[in-house]
Amino acid sequence: MKKLLLLVVVFLSSYFAIAQKTLFTPTEWSDPNNEFYNKVSNTRKYESTNFVLYWGDKVGTNPAAYADAALRFTPKSVADTLETSFKRYITDLHFVNNAPTTNFGKYKIIIMMMNTWNSTDPRLEAFAQASSFSNTIGAMFVHPEATRDGGALSHEFAHTLQMMMSIQENPGAGRAFAGYDWASPFYEGHANFMRAQAYPQWAEIDGTLTRWIQTKHFMWSSNRHHYTNFHLMYYVQEKEGFDFTRRMWAESMNEEHPLETIKRLKGFTQDQLDDYLWGYAQRQAAFDYPIQWNSQINTTSNFGKTIRNVYNAIKTNMPRYMSRQYTLLTKVTGTTDQYYTNNDWAPQDYGMNLIPLYPTCTGTQKKVTIKFKGHSEVNATQAGWRYGFVTTKTDGTISRYSPMYKTDGEASFTLNTSTEANIYLVVFAAPKVHVNYNMDVGYPKQRRYPYELKIANATPEGFQPAADFRSFLKTNGHLHTNGGGWVSNNATVASTVYVGPYAIVRGGTISGNARIDDYAMVDGGTINGNAIVRGNACVYNATLSNSAIVEGNAWMEGGSVKNTANIKGNAMLFAGDFGSSVVVGGDAEIGSCSTPGVYLQFPYWRNGRDNCDGKGAGDTSNIDINATFTNFTAAQMAFSTTPNCTVTTLSANKVAADPETDLNVFPNPTKGNLNISFVQTEQQKVTIALFDINGQKIATITDKVYEAGKIDIAYNCSYLLKGVYLLNIQRGSEIISKSFLKE
């Protein structure tokens with residue numbers, strides 16, 4: 001018996017020795033033209049279980065003692081940090097197959113510490129990027145400064161796993177979202193989503209959320225926010241479980257857009273995909289993404305809560321980034337309650353508008369009614385929308401969602417001021433036909449979906465009393481004598497300057513005949529001459545002079561604008577200098593330019609634009625593919641009946657839905673995705689609790705007030721063990737129990 005045990009021990013020891021990962025030597029390193037040729041040494045190497053670090057001769061064999069702190073690093077610490085992400089991504093979540101028979105299971109991931117060689121080759125300099133070697137094993141190329149915490153490393157490690165998807169999980173041309181423009185933006189957003197799986201405190205960071213706040217009406221896969229589009233993945237994780245994310249990469253087809261992958265894997269039509277994505281879009285009002293990062297370890301934190309915390313920090317410390325958080329409608333000339341989305345605000349494919357509404361009814365039940373009508377003539381074959389209401393509590397968390405609306409028509413919802421603080425209208429661009437866009441095709445080539453609203457018993461954002469508009473910004477200041485706008489006591493504004501009633505000056509020096517008008521915000525800098533800031537533009541620590549204009553949704557941070565230069569649209573400019581008669585608009589982000597021309601897109605070879613190339617409005621790149629529209633007439637936008645503030649309830653003689661037959665729990669049995677469907681005959685609170693067969697409470701699925709109508713609640717119970725479970729469903733005074741089987 002002892003001999004047998006000894007043999008078993010010897011066998012297992014041999015097996016694990018064989019199973020240990022080995023070092024892969026890339027063929028590229030034997031190429032004299034490769035930047036690492038004759039530069040990799042075993043004396044400058046550190047190995048951990050799954051990684052190997054190589055560094056250059058500049059920092060020596062002990063980089064932890066190198067004189068320059070920017071290049072100093074401790075190899076073990078870097079490897080340990082990477083192993084933390086490895087455990088989460090691979091051991092826990094199984095994102096890539098780590099079996100010994102696979103490349104990923106055979107070889108250690110290669111980490112090249114950049115900027116550490118005594119060389120003038122610029123290819124040996126980088127901050128943080130990922131790729132692979134010899135189409136065999138993933139690799140990372142990181143500056144020591146990128147290794148100080150898990151943020152950059154976990155993001156880049158996610159990229160190496162994306163590479164492994166192309167190498168071993170889903171090889172073939174155009175698979176795993178590789179090699180074609182319209183899926184490329186998914187790489188960065190997905191890497192940030194993955195980072196949150198390992199480091200939930202980075203479920204959102206201010207650098208990405210500030211960008212997303214300002215661009216969420218852009219198409220979902222726009223390169224203007226490709227690092228920040230990952231909230232959708234939290235929604236997918238909640239509904240389908242994390243493994244669905246792996247399947248998207250492992251099962252994507254040739255040249256398939258990520259949203260098309262979701263559509264195919266779910267068996268959706270385009271209309272059903274739009275319905276599904278609407279569920280994600282309406283969550284934006286409260287960042288209501290309740291998936292817990294790891295319920296086995298932490299049952300209180302969730303991704304939505306982290307996003308809300310970051311949002312509140314931005315609002316407090318960097319409020320200039322709030323200028324585009326809400327959509328500002330334009331009132332139709334000659335009307336009092338009819339509005340439309342102008343070109344700056346109209347949502348693009350799968351983009352969204354978030355519009356706060358301020359009820360004018362009295363009492364605690366404040367009913368708001370709208371009429372929605374889309375301008376389908378702008379994109380006749382593709383135009384589609386989803387819209388509905390959302391209410392939130394005083395702490396910014398979700399209270400209720402209205403039913404989804406998808407056709408032109410009227411809709412009402414009631415804010416209960418005793419329990420709710422805010423009501424929003426959310427509008428989502430839901431294309432009837434999916435279109436793939438090349439990278440940075442530019443604003444004129446992206447389809448927009450404008451619409452009009454008639455609003456009763458409420459005013460939208462920007463039409464409430466001027467004192468209430470962005471009131472959180474108005475502390476330690478006064479109203480300007482010329483125009484009545486708000487001016488901080490830290491700003492210097494001459495009496496000759498006009499500051500409109502809704503405009504805000506938080507800092508800076510403004511003189512001459514300058515105008516700060518409409519909803520514009522100035523937060524530092526110098527503005528003089530006849531310069532104008534208007535529309536919903538934001539200027540932060542920039543210099544404007546002569547007859548320069550910054551307008552629309554334009555964002556100007558640092559730099560200068562002079563002469564007759566015009567910055568408009570959704571342009572975002574940072575530290576550039578602009579002069580002459582330059583026009584920058586659309587979704588452009590360009591560098592300094594004083595060459596007359598019209599710049600409406602990011603300079604990119606596919607759209608035929610170079611920075612400051614002087615091309616005019618008539619250039620092909622600037623021709624808008626969206627048709628123009630004319631506002632609807634008053635008759636077209638008239639309500640069918642005059643809306644009022646009265647909240648109607650179910651009449652006494654109306655037959656209520658049967659509490660047993662109108663409630664459905666499906667599929668049953670389920671492997672993880674459970675749907676709970678029922679009909680609300682009146683507005684009331686619904687509490688649904690989940691219990692095991694022994695009566696032990698496991699979770700509260702929902703506990704909030706719902707409006708009358710059909711309610712569908714999706715719950716991901718894939719974490720449950722196989723067995724029978726009970727749902728306790730309480731609506732008002734009635735309590736119903738339903739059982740289901742988890743397979």
# chains A, B, ... in the order shown; residues from 1 in each chain; ligands from 1
>>> closest_atom_pairs(of="stretch 409-477 of chain A", to="stretch 216-226 of chain A", cutoff="8 Å", atoms="only C-alpha atoms", output="tab-separated table")
residue	atom	partner	partner_atom	distance
A:Met439	CA	A:Asn223	CA	6.6
A:Asp440	CA	A:Asn223	CA	6.1
A:Gln446	CA	A:Met219	CA	7.8
>>> closest_atom_pairs(of="stretch 548-570 of chain A", to="stretch 587-610 of chain A", cutoff="9 Å", atoms="only C-alpha atoms", output="JSON lines")
{"residue": "A:Ala554", "atom": "CA", "partner": "A:Asp587", "partner_atom": "CA", "distance": 9.0}
{"residue": "A:Gly559", "atom": "CA", "partner": "A:Ser592", "partner_atom": "CA", "distance": 8.4}
{"residue": "A:Ser560", "atom": "CA", "partner": "A:Ser592", "partner_atom": "CA", "distance": 9.0}
{"residue": "A:Ala565", "atom": "CA", "partner": "A:Ser594", "partner_atom": "CA", "distance": 8.2}
{"residue": "A:Gly569", "atom": "CA", "partner": "A:Asp587", "partner_atom": "CA", "distance": 6.9}
{"residue": "A:Asn570", "atom": "CA", "partner": "A:Asp587", "partner_atom": "CA", "distance": 4.9}
>>> closest_residue(among="A:Pro460, A:Pro258, A:Gly138, A:Pro63", to="A:Phe51", atoms="only C-alpha atoms")
A:Gly138
>>> closest_residue(among="A:Thr681, A:Thr210, A:Ser621, A:Asn490", to="A:Ile314", atoms="only C-alpha atoms")
A:Thr210
>>> select_by_dssp(residues="stretch 185-407 of chain A", states="alpha helix (DSSP H)", output="ChimeraX atom specification")
/A:185-198,206-215,231-240,243-251,258-266,270-281,303-317
>>> residues_around(residues="A:Asp518", least_positions_apart="5", cutoff="6 Å", atoms="only C-alpha atoms", output="PyMOL selection string")
chain A and resi 500+502-503+534-535
>>> residues_around(residues="stretch 177-185 of chain A", least_positions_apart="3", cutoff="9 Å", atoms="only C-alpha atoms", output="PyMOL selection string")
chain A and resi 162-163+166+173-174+188-190+221-223+225-227+229+249+252-258+436-439
>>> closest_residue(among="A:Val493, A:Met352, A:Cys361, A:Val378", to="A:Arg283", atoms="only C-alpha atoms")
A:Met352
>>> residues_around(residues="stretch 147-156 of chain A", least_positions_apart="3", cutoff="8 Å", atoms="only C-alpha atoms", output="NGL selection string")
:A and (73 or 78 or 81-82 or 85 or 128-130 or 140 or 142-144 or 159-160 or 191-192 or 194-195 or 198-199 or 202)
>>> residues_around(residues="A:Arg470", least_positions_apart="6", cutoff="12 Å", atoms="only C-alpha atoms", output="list in words")
Lys315, Pro319, Arg320, Met322, Ser323, Arg324, Gln325, Tyr326, Pro356, Glu461, Gly462, Phe463, Gln464, Gly485, Trp486, Pro501, Tyr502, Ala503, Ile504, Val505, Arg506, Tyr519, Ala520 and Met521 of chain A
>>> closest_residue(among="A:Glu204, A:Asp619, A:Glu35, A:Asp275", to="A:Val310", atoms="only C-alpha atoms")
A:Glu204
>>> closest_residue(among="A:Lys742, A:Lys45, A:Lys568, A:Lys615", to="A:Lys671", atoms="only C-alpha atoms")
A:Lys742
>>> closest_residue(among="A:Thr492, A:Thr116, A:Thr22, A:Thr641", to="A:Tyr66", atoms="only C-alpha atoms")
A:Thr116
>>> atom_distance(atom1="atom CA of A:Ile735", atom2="atom CA of A:Gln292")
27.9 Å
>>> decode(residues="stretch 600-714 of chain A", atoms="C-alpha atoms", output="PDB file, in the first residue's frame")
ATOM      1  CA  LEU A 600     -16.529  68.201 -38.751  1.00  0.00           C
ATOM      2  CA  GLN A 601     -14.726  64.953 -37.945  1.00  0.00           C
ATOM      3  CA  PHE A 602     -11.664  63.479 -36.293  1.00  0.00           C
ATOM      4  CA  PRO A 603      -8.752  63.450 -38.803  1.00  0.00           C
ATOM      5  CA  TYR A 604      -8.488  59.885 -40.085  1.00  0.00           C
ATOM      6  CA  TRP A 605      -7.358  58.308 -43.339  1.00  0.00           C
ATOM      7  CA  ARG A 606     -10.717  56.605 -43.927  1.00  0.00           C
ATOM      8  CA  ASN A 607     -12.648  59.889 -43.951  1.00  0.00           C
ATOM      9  CA  GLY A 608     -10.022  61.585 -46.085  1.00  0.00           C
ATOM     10  CA  ARG A 609      -9.152  64.280 -43.553  1.00  0.00           C
ATOM     11  CA  ASP A 610      -5.862  65.449 -42.121  1.00  0.00           C
ATOM     12  CA  ASN A 611      -5.558  67.887 -39.271  1.00  0.00           C
ATOM     13  CA  CYS A 612      -6.043  71.448 -40.532  1.00  0.00           C
ATOM     14  CA  ASP A 613      -6.164  70.384 -44.211  1.00  0.00           C
ATOM     15  CA  GLY A 614      -8.220  73.397 -45.332  1.00  0.00           C
ATOM     16  CA  LYS A 615     -11.106  71.471 -46.924  1.00  0.00           C
ATOM     17  CA  GLY A 616     -14.354  73.430 -47.099  1.00  0.00           C
ATOM     18  CA  ALA A 617     -18.030  72.809 -46.417  1.00  0.00           C
ATOM     19  CA  GLY A 618     -18.525  71.354 -49.894  1.00  0.00           C
ATOM     20  CA  ASP A 619     -15.914  68.645 -49.482  1.00  0.00           C
ATOM     21  CA  THR A 620     -17.319  65.102 -49.730  1.00  0.00           C
ATOM     22  CA  SER A 621     -16.372  64.406 -46.121  1.00  0.00           C
ATOM     23  CA  ASN A 622     -18.622  67.266 -44.933  1.00  0.00           C
ATOM     24  CA  ILE A 623     -21.759  66.387 -46.922  1.00  0.00           C
ATOM     25  CA  ASP A 624     -24.439  65.278 -44.470  1.00  0.00           C
ATOM     26  CA  ILE A 625     -26.224  61.995 -45.245  1.00  0.00           C
ATOM     27  CA  ASN A 626     -29.171  63.006 -43.040  1.00  0.00           C
ATOM     28  CA  ALA A 627     -32.119  64.659 -44.748  1.00  0.00           C
ATOM     29  CA  THR A 628     -33.399  67.945 -43.364  1.00  0.00           C
ATOM     30  CA  PHE A 629     -36.773  68.144 -41.667  1.00  0.00           C
ATOM     31  CA  THR A 630     -39.502  70.679 -41.063  1.00  0.00           C
ATOM     32  CA  ASN A 631     -41.164  70.969 -37.673  1.00  0.00           C
ATOM     33  CA  PHE A 632     -44.538  69.305 -37.326  1.00  0.00           C
ATOM     34  CA  THR A 633     -47.592  71.511 -37.326  1.00  0.00           C
ATOM     35  CA  ALA A 634     -49.628  72.248 -34.225  1.00  0.00           C
ATOM     36  CA  ALA A 635     -52.389  70.011 -35.595  1.00  0.00           C
ATOM     37  CA  GLN A 636     -49.962  67.106 -36.047  1.00  0.00           C
ATOM     38  CA  MET A 637     -48.737  67.463 -32.479  1.00  0.00           C
ATOM     39  CA  ALA A 638     -52.123  68.086 -30.838  1.00  0.00           C
ATOM     40  CA  PHE A 639     -53.168  65.820 -27.970  1.00  0.00           C
ATOM     41  CA  SER A 640     -56.178  63.586 -28.591  1.00  0.00           C
ATOM     42  CA  THR A 641     -57.738  64.982 -25.393  1.00  0.00           C
ATOM     43  CA  THR A 642     -56.597  67.782 -23.115  1.00  0.00           C
ATOM     44  CA  PRO A 643     -54.211  66.279 -20.519  1.00  0.00           C
ATOM     45  CA  ASN A 644     -54.873  67.126 -16.901  1.00  0.00           C
ATOM     46  CA  CYS A 645     -53.200  66.608 -13.564  1.00  0.00           C
ATOM     47  CA  THR A 646     -55.764  64.115 -12.285  1.00  0.00           C
ATOM     48  CA  VAL A 647     -54.387  60.674 -11.506  1.00  0.00           C
ATOM     49  CA  THR A 648     -57.008  58.090 -12.411  1.00  0.00           C
ATOM     50  CA  THR A 649     -57.249  54.758 -10.641  1.00  0.00           C
ATOM     51  CA  LEU A 650     -59.091  51.560 -11.549  1.00  0.00           C
ATOM     52  CA  SER A 651     -62.839  52.141 -11.427  1.00  0.00           C
ATOM     53  CA  ALA A 652     -64.897  50.077  -9.018  1.00  0.00           C
ATOM     54  CA  ASN A 653     -66.835  48.295 -11.768  1.00  0.00           C
ATOM     55  CA  LYS A 654     -63.797  47.455 -13.927  1.00  0.00           C
ATOM     56  CA  VAL A 655     -62.768  43.827 -13.814  1.00  0.00           C
ATOM     57  CA  ALA A 656     -59.305  43.409 -12.341  1.00  0.00           C
ATOM     58  CA  ALA A 657     -56.823  40.895 -13.661  1.00  0.00           C
ATOM     59  CA  ASP A 658     -56.894  37.536 -11.923  1.00  0.00           C
ATOM     60  CA  PRO A 659     -53.884  37.451  -9.595  1.00  0.00           C
ATOM     61  CA  GLU A 660     -53.118  33.810 -10.389  1.00  0.00           C
ATOM     62  CA  THR A 661     -53.625  33.671 -14.141  1.00  0.00           C
ATOM     63  CA  ASP A 662     -52.016  37.003 -15.023  1.00  0.00           C
ATOM     64  CA  LEU A 663     -48.734  36.055 -13.338  1.00  0.00           C
ATOM     65  CA  ASN A 664     -46.235  33.993 -15.278  1.00  0.00           C
ATOM     66  CA  VAL A 665     -42.782  32.715 -14.318  1.00  0.00           C
ATOM     67  CA  PHE A 666     -40.775  31.342 -17.235  1.00  0.00           C
ATOM     68  CA  PRO A 667     -38.864  29.430 -18.440  1.00  0.00           C
ATOM     69  CA  ASN A 668     -39.568  26.796 -15.832  1.00  0.00           C
ATOM     70  CA  PRO A 669     -37.315  24.851 -15.418  1.00  0.00           C
ATOM     71  CA  THR A 670     -34.583  27.426 -16.015  1.00  0.00           C
ATOM     72  CA  LYS A 671     -30.830  27.221 -16.436  1.00  0.00           C
ATOM     73  CA  GLY A 672     -30.312  30.741 -15.184  1.00  0.00           C
ATOM     74  CA  ASN A 673     -32.457  33.430 -16.829  1.00  0.00           C
ATOM     75  CA  LEU A 674     -35.852  33.807 -15.190  1.00  0.00           C
ATOM     76  CA  ASN A 675     -38.655  36.097 -16.379  1.00  0.00           C
ATOM     77  CA  ILE A 676     -41.444  37.226 -14.067  1.00  0.00           C
ATOM     78  CA  SER A 677     -44.399  38.735 -15.910  1.00  0.00           C
ATOM     79  CA  PHE A 678     -47.617  40.166 -14.481  1.00  0.00           C
ATOM     80  CA  VAL A 679     -50.269  42.811 -15.060  1.00  0.00           C
ATOM     81  CA  GLN A 680     -50.649  45.802 -12.763  1.00  0.00           C
ATOM     82  CA  THR A 681     -54.241  47.015 -12.669  1.00  0.00           C
ATOM     83  CA  GLU A 682     -53.243  50.087 -10.686  1.00  0.00           C
ATOM     84  CA  GLN A 683     -50.193  51.841  -9.370  1.00  0.00           C
ATOM     85  CA  GLN A 684     -48.925  49.900  -6.356  1.00  0.00           C
ATOM     86  CA  LYS A 685     -45.859  48.554  -4.665  1.00  0.00           C
ATOM     87  CA  VAL A 686     -44.577  45.124  -5.662  1.00  0.00           C
ATOM     88  CA  THR A 687     -42.164  43.075  -3.548  1.00  0.00           C
ATOM     89  CA  ILE A 688     -40.701  39.855  -4.912  1.00  0.00           C
ATOM     90  CA  ALA A 689     -38.488  37.744  -2.645  1.00  0.00           C
ATOM     91  CA  LEU A 690     -36.588  34.560  -3.475  1.00  0.00           C
ATOM     92  CA  PHE A 691     -36.500  31.621  -1.017  1.00  0.00           C
ATOM     93  CA  ASP A 692     -34.938  28.166  -1.066  1.00  0.00           C
ATOM     94  CA  ILE A 693     -37.051  25.049  -0.471  1.00  0.00           C
ATOM     95  CA  ASN A 694     -36.370  25.285   3.284  1.00  0.00           C
ATOM     96  CA  GLY A 695     -37.846  28.756   3.495  1.00  0.00           C
ATOM     97  CA  GLN A 696     -34.494  30.538   3.806  1.00  0.00           C
ATOM     98  CA  LYS A 697     -34.603  33.944   2.104  1.00  0.00           C
ATOM     99  CA  ILE A 698     -31.920  34.313  -0.573  1.00  0.00           C
ATOM    100  CA  ALA A 699     -32.595  37.676  -2.211  1.00  0.00           C
ATOM    101  CA  THR A 700     -35.078  40.493  -2.781  1.00  0.00           C
ATOM    102  CA  ILE A 701     -35.627  40.701  -6.525  1.00  0.00           C
ATOM    103  CA  THR A 702     -37.641  43.916  -6.463  1.00  0.00           C
ATOM    104  CA  ASP A 703     -39.249  46.199  -3.915  1.00  0.00           C
ATOM    105  CA  LYS A 704     -40.724  49.298  -5.532  1.00  0.00           C
ATOM    106  CA  VAL A 705     -43.842  50.936  -6.914  1.00  0.00           C
ATOM    107  CA  TYR A 706     -44.950  50.095 -10.458  1.00  0.00           C
ATOM    108  CA  GLU A 707     -47.419  51.900 -12.698  1.00  0.00           C
ATOM    109  CA  ALA A 708     -50.483  50.170 -14.131  1.00  0.00           C
ATOM    110  CA  GLY A 709     -49.681  48.027 -17.153  1.00  0.00           C
ATOM    111  CA  LYS A 710     -47.828  44.869 -18.095  1.00  0.00           C
ATOM    112  CA  ILE A 711     -44.638  44.432 -16.068  1.00  0.00           C
ATOM    113  CA  ASP A 712     -41.726  42.203 -17.086  1.00  0.00           C
ATOM    114  CA  ILE A 713     -38.878  41.562 -14.663  1.00  0.00           C
ATOM    115  CA  ALA A 714     -35.784  39.620 -15.735  1.00  0.00           C
TER     116      ALA A 714
END
